[in-house]
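Single-structure report; data block below.
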2 protein chains.
Amino acid sequence: MDLFFSPMASCLASRITSYESGIHLDFIEVEPVTKQTPGGRNYLEISPLGLLPALRLHDGFLLTGDYPILQHLAASSTTSNLVPLRDLDLDRLHQWLFMLGTELRHMVSVPLLDKKAADGTATHMLDFVVATLDFLNDQLTERQFLLNRFSISDAYLCSVLNSTSPTGIDLSPWPAIEAYYDRLLKRPSVSGAIAEELALRDAELARHRSSCELSLGGFA
Amino acid sequence: MDLFFSPMASCLASRITSYESGIHLDFIEVEPVTKQTPGGRNYLEISPLGLLPALRLHDGFLLTGDYPILQHLAASSTTSNLVPLRDLDLDRLHQWLFMLGTELRHMVSVPLLDKKAADGTATHMLDFVVATLDFLNDQLTERQFLLNRFSISDAYLCSVLNSTSPTGIDLSPWPAIEAYYDRLLKRPSVSGAIAEELALRDAELARHRSSCELSLGGFA
């Protein structure tokens, strides 16, 4: 299956899940600005809304969104480090995925990373998230993972926490979250995925710089 | 099971699902401003984040969020108007729930209804949603429901569309969405749920007015 992604975004959760589950994915990078894929095709022709990540299933259907993709991968996993969906408390899993996807990611990461957002949006959105981070910190104080053991909700939370650095959110007031994130970073799936995506993002930035220099050269 | 809710919010989807499935729920209204429940208890003591809707399960666990609650109800339904989860294309169901919950509801309804949001937020967020509404309109042009027949994703979309009126979004540029919404409004579960919640909201507004008049009276 093909996974369309951009490095160091929420797509990271799908990569971690692929590495944990052993499910092979072909990763196809989409340039954030030009929306070009390596084959030179415009991603908007493949996915009209340009949503990432997107998983092209075996029947050709393009499945978009972290939550649906993570659940598809978990449902496909048989023997792996990832708990199959049937062995999980689905209510609690759904609750975590929903809370991370709405209260945390979409209330914080999206507005904070969106440079066109109105002034004041970032500060206002941060007010919302303090209570959620307090709640998360309480939940993680006495447990290693969000559920009984590593699950797709941890892969998702990892991608959210990974985005706190560019958003300028300091996690030190929430020590249980910091300790949890440190534990996750020691997992080979997580450290491997982040190292790969960092390298891809650096390469992307270098391409972008070089293309800007070429454009500027045209004016010299 | 108890469902904590506020009238005419996204909680409406849980009420519609309850009526479609025949699963009995005890509805407990939470005052939006004071967070009081009819028993005089502060809802924040029950749910620290104050999230609504919340479903108190038989084992006492408080399940929060539209998406997890709707899935719990669908999983509990046996013979009803609601398609049981096992008979649905779960990938497509998850995709719709995710898209409605993130791209539509949280990108639009939440910022537009949030009076403390920075100026310009509403207009900026509307830009995002036009493409999503175009996509939704295309999808609904040749089908009656989001999936093969009425499902929890329709109940959820109904609650989102129901909130477009106070947000000032005019749906007339998307005729397939308008026609779909009109069809939904003809379902007894939907018209019944909306009529009940409208009456509850009017009663709530009347209580609020009367309490404001009492406060103002104190200054006279």
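Every chain in the structure tokens takes a letter, A first, then B, and so on in the order presented; its residues are numbered from 1, and the ligands are numbered from 1 following the presented order.
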Can you show chain B as a CSV table (one decimal) with C-alpha atoms, in the first residue's frame once it has been least-squares superposed onto chain A, using every C-alpha atom paired in order?
chain,number,residue,atom,x,y,z
B,1,MET,CA,0.0,0.0,0.0
B,2,ASP,CA,1.2,3.5,-0.7
B,3,LEU,CA,1.2,6.1,2.0
B,4,PHE,CA,1.3,9.7,0.9
B,5,PHE,CA,2.9,11.9,3.5
B,6,SER,CA,4.9,15.0,4.4
B,7,PRO,CA,7.8,14.6,6.8
B,8,MET,CA,7.5,15.6,10.5
B,9,ALA,CA,3.8,16.1,10.4
B,10,SER,CA,1.0,14.0,11.9
B,11,CYS,CA,1.8,11.4,9.2
B,12,LEU,CA,4.6,10.4,11.5
B,13,ALA,CA,2.1,8.3,13.4
B,14,SER,CA,1.4,6.1,10.4
B,15,ARG,CA,5.1,5.5,9.9
B,16,ILE,CA,5.6,4.5,13.5
B,17,THR,CA,2.6,2.2,13.2
B,18,SER,CA,4.0,0.7,10.1
B,19,TYR,CA,7.3,0.0,11.8
B,20,GLU,CA,5.6,-1.4,15.0
B,21,SER,CA,3.3,-3.7,13.0
B,22,GLY,CA,5.7,-4.8,10.3
B,23,ILE,CA,3.1,-3.9,7.7
B,24,HIS,CA,5.1,-2.7,4.7
B,25,LEU,CA,4.1,0.6,3.2
B,26,ASP,CA,5.5,2.4,0.2
B,27,PHE,CA,6.1,6.0,1.4
B,28,ILE,CA,5.4,8.7,-1.2
B,29,GLU,CA,6.5,12.2,-0.2
B,30,VAL,CA,4.3,15.1,-1.1
B,31,GLU,CA,6.0,18.5,-1.3
B,32,PRO,CA,4.1,20.8,1.1
B,33,VAL,CA,4.3,23.9,-1.1
B,34,THR,CA,4.1,22.6,-4.7
B,35,LYS,CA,2.0,19.5,-3.8
B,36,GLN,CA,4.3,17.5,-6.3
B,37,THR,CA,5.0,13.9,-5.8
B,38,PRO,CA,8.4,12.3,-6.8
B,39,GLY,CA,6.8,11.1,-10.1
B,40,GLY,CA,6.1,14.8,-11.0
B,41,ARG,CA,2.3,14.3,-10.5
B,42,ASN,CA,0.2,17.0,-8.7
B,43,TYR,CA,-1.1,15.4,-5.5
B,44,LEU,CA,-4.3,17.4,-5.8
B,45,GLU,CA,-5.2,15.2,-8.9
B,46,ILE,CA,-4.9,12.2,-6.6
B,47,SER,CA,-6.7,13.7,-3.5
B,48,PRO,CA,-8.8,16.8,-4.4
B,49,LEU,CA,-8.6,18.2,-0.8
B,50,GLY,CA,-4.9,17.5,-0.6
B,51,LEU,CA,-5.3,15.9,2.8
B,52,LEU,CA,-2.4,14.0,4.3
B,53,PRO,CA,-1.7,11.4,5.3
B,54,ALA,CA,-3.5,9.3,2.7
B,55,LEU,CA,-3.3,5.5,2.4
B,56,ARG,CA,-4.0,3.9,-1.0
B,57,LEU,CA,-5.6,0.6,-0.2
B,58,HIS,CA,-5.2,-2.6,-2.2
B,59,ASP,CA,-8.6,-1.9,-4.0
B,60,GLY,CA,-7.4,1.6,-5.0
B,61,PHE,CA,-9.5,3.4,-2.5
B,62,LEU,CA,-7.7,6.5,-1.0
B,63,LEU,CA,-8.2,6.5,2.7
B,64,THR,CA,-7.4,9.9,4.3
B,65,GLY,CA,-6.9,11.0,7.9
B,66,ASP,CA,-4.7,9.8,10.8
B,67,TYR,CA,-7.4,8.1,12.7
B,68,PRO,CA,-8.9,6.0,9.9
B,69,ILE,CA,-5.5,5.0,8.6
B,70,LEU,CA,-4.2,4.0,12.0
B,71,GLN,CA,-7.3,1.9,12.6
B,72,HIS,CA,-6.9,0.3,9.2
B,73,LEU,CA,-3.3,-0.7,10.0
B,74,ALA,CA,-4.2,-1.9,13.5
B,75,ALA,CA,-7.0,-4.0,12.0
B,76,SER,CA,-4.6,-5.5,9.5
B,77,SER,CA,-1.9,-6.4,12.0
B,78,THR,CA,-1.7,-10.0,13.1
B,79,THR,CA,1.5,-10.8,15.0
B,80,SER,CA,3.3,-7.6,15.8
B,81,ASN,CA,4.3,-5.2,18.5
B,82,LEU,CA,1.0,-3.5,17.9
B,83,VAL,CA,-2.0,-4.7,19.8
B,84,PRO,CA,-4.7,-5.8,17.3
B,85,LEU,CA,-7.9,-3.8,17.6
B,86,ARG,CA,-9.9,-6.8,18.8
B,87,ASP,CA,-7.7,-7.1,21.9
B,88,LEU,CA,-8.1,-3.4,22.9
B,89,ASP,CA,-10.7,-1.6,24.9
B,90,LEU,CA,-12.2,0.0,21.9
B,91,ASP,CA,-14.2,2.7,23.8
B,92,ARG,CA,-11.0,4.0,25.5
B,93,LEU,CA,-9.0,3.7,22.2
B,94,HIS,CA,-11.7,5.7,20.3
B,95,GLN,CA,-11.8,8.3,23.1
B,96,TRP,CA,-8.0,8.9,23.0
B,97,LEU,CA,-7.9,9.1,19.3
B,98,PHE,CA,-10.8,11.5,19.2
B,99,MET,CA,-9.4,13.7,22.0
B,100,LEU,CA,-5.9,13.8,20.5
B,101,GLY,CA,-7.3,14.5,17.0
B,102,THR,CA,-9.7,17.3,18.1
B,103,GLU,CA,-8.8,18.8,21.4
B,104,LEU,CA,-5.0,18.7,20.9
B,105,ARG,CA,-4.0,18.5,17.3
B,106,HIS,CA,-6.7,20.5,15.6
B,107,MET,CA,-7.1,23.0,18.4
B,108,VAL,CA,-3.4,23.6,18.8
B,109,SER,CA,-1.1,22.3,16.2
B,110,VAL,CA,-3.1,23.4,13.2
B,111,PRO,CA,-3.8,27.0,14.2
B,112,LEU,CA,-0.2,27.4,15.7
B,113,LEU,CA,1.4,26.1,12.5
B,114,ASP,CA,-0.9,28.0,10.2
B,115,LYS,CA,1.0,31.2,9.4
B,116,LYS,CA,-2.1,32.8,7.9
B,117,ALA,CA,-4.2,32.5,11.1
B,118,ALA,CA,-5.4,35.8,12.6
B,119,ASP,CA,-3.2,37.4,15.3
B,120,GLY,CA,-4.1,36.2,18.7
B,121,THR,CA,-5.4,32.8,17.5
B,122,ALA,CA,-2.3,31.0,18.9
B,123,THR,CA,-2.5,32.5,22.4
B,124,HIS,CA,-6.3,31.9,22.5
B,125,MET,CA,-6.0,28.3,21.4
B,126,LEU,CA,-3.3,27.6,24.0
B,127,ASP,CA,-5.7,28.6,26.7
B,128,PHE,CA,-7.9,25.7,25.6
B,129,VAL,CA,-5.2,23.1,25.7
B,130,VAL,CA,-3.8,23.7,29.2
B,131,ALA,CA,-6.7,21.8,30.8
B,132,THR,CA,-6.3,19.0,28.2
B,133,LEU,CA,-2.6,18.7,29.0
B,134,ASP,CA,-3.3,18.7,32.7
B,135,PHE,CA,-5.7,15.8,32.1
B,136,LEU,CA,-3.3,13.9,30.0
B,137,ASN,CA,-0.5,14.4,32.6
B,138,ASP,CA,-2.8,13.0,35.3
B,139,GLN,CA,-3.6,10.0,33.1
B,140,LEU,CA,0.1,9.3,32.3
B,141,THR,CA,1.3,9.6,35.9
B,142,GLU,CA,0.6,6.0,36.8
B,143,ARG,CA,0.8,4.3,33.5
B,144,GLN,CA,3.4,3.6,30.8
B,145,PHE,CA,1.0,4.0,27.8
B,146,LEU,CA,-2.4,5.5,27.1
B,147,LEU,CA,-3.9,2.0,27.3
B,148,ASN,CA,-2.5,-1.2,28.8
B,149,ARG,CA,0.3,-1.4,26.4
B,150,PHE,CA,1.6,0.4,23.3
B,151,SER,CA,-1.2,1.0,20.8
B,152,ILE,CA,-2.0,3.3,17.8
B,153,SER,CA,-3.1,6.0,20.3
B,154,ASP,CA,0.5,6.2,21.5
B,155,ALA,CA,1.8,6.4,17.9
B,156,TYR,CA,-0.7,9.3,17.4
B,157,LEU,CA,0.1,11.1,20.6
B,158,CYS,CA,3.8,10.8,19.7
B,159,SER,CA,3.3,12.7,16.5
B,160,VAL,CA,1.3,15.4,18.4
B,161,LEU,CA,4.0,15.8,21.0
B,162,ASN,CA,6.7,15.8,18.3
B,163,SER,CA,4.9,18.9,16.9
B,164,THR,CA,5.0,20.8,20.2
B,165,SER,CA,8.6,22.0,19.6
B,166,PRO,CA,7.8,24.2,16.5
B,167,THR,CA,4.6,25.4,18.1
B,168,GLY,CA,6.6,26.8,21.0
B,169,ILE,CA,4.7,24.8,23.7
B,170,ASP,CA,7.0,24.1,26.7
B,171,LEU,CA,6.1,20.7,28.2
B,172,SER,CA,8.0,21.1,31.4
B,173,PRO,CA,4.9,22.0,33.5
B,174,TRP,CA,3.7,18.4,32.6
B,175,PRO,CA,6.4,16.1,33.9
B,176,ALA,CA,4.4,12.9,33.3
B,177,ILE,CA,4.0,13.8,29.7
B,178,GLU,CA,7.6,14.6,29.3
B,179,ALA,CA,8.6,11.3,30.9
B,180,TYR,CA,6.2,9.4,28.6
B,181,TYR,CA,7.6,11.1,25.5
B,182,ASP,CA,11.1,10.2,26.6
B,183,ARG,CA,10.1,6.6,27.0
B,184,LEU,CA,8.5,6.6,23.5
B,185,LEU,CA,11.7,8.1,22.0
B,186,LYS,CA,13.6,5.0,23.2
B,187,ARG,CA,11.4,2.7,21.1
B,188,PRO,CA,13.3,1.8,17.8
B,189,SER,CA,10.1,2.4,15.8
B,190,VAL,CA,9.8,5.9,17.1
B,191,SER,CA,13.5,6.9,17.0
B,192,GLY,CA,13.9,5.3,13.6
B,193,ALA,CA,10.8,7.1,12.1
B,194,ILE,CA,11.8,10.5,13.5
B,195,ALA,CA,15.4,10.2,12.3
B,196,GLU,CA,14.2,9.3,8.8
B,197,GLU,CA,11.6,12.1,8.6
B,198,LEU,CA,14.1,14.7,10.0
B,199,ALA,CA,16.5,13.8,7.2
B,200,LEU,CA,13.6,14.0,4.6
B,201,ARG,CA,12.6,17.4,5.9
B,202,ASP,CA,16.1,18.7,5.8
B,203,ALA,CA,16.4,17.5,2.2
B,204,GLU,CA,13.1,19.2,1.4
B,205,LEU,CA,14.2,22.5,3.0
B,206,ALA,CA,17.5,22.3,1.0
B,207,ARG,CA,15.5,21.7,-2.2
B,208,HIS,CA,13.3,24.7,-1.3
B,209,ARG,CA,16.3,26.9,-0.6
B,210,SER,CA,18.0,26.0,-3.8
B,211,SER,CA,14.9,26.7,-5.8
B,212,CYS,CA,14.5,30.1,-4.1
B,213,GLU,CA,18.1,30.9,-4.9
B,214,LEU,CA,17.6,30.0,-8.5
B,215,SER,CA,14.5,32.3,-8.6
B,216,LEU,CA,16.5,35.1,-7.0
B,217,GLY,CA,19.3,34.5,-9.5
B,218,GLY,CA,16.9,35.3,-12.2
B,219,PHE,CA,16.5,38.8,-10.9
B,220,ALA,CA,20.2,39.4,-10.5
Taking only range 1-204 of chain B into account, list the residues labelled helix (DSSP H, G or I) by DSSP (computed from the backbone), as a count of residues only.
116
Looking only at strand (DSSP E) from DSSP on the backbone, list the matching residues of chain A as a ChimeraX atom specification.
/A:2-5,26-29,54-56,62-64
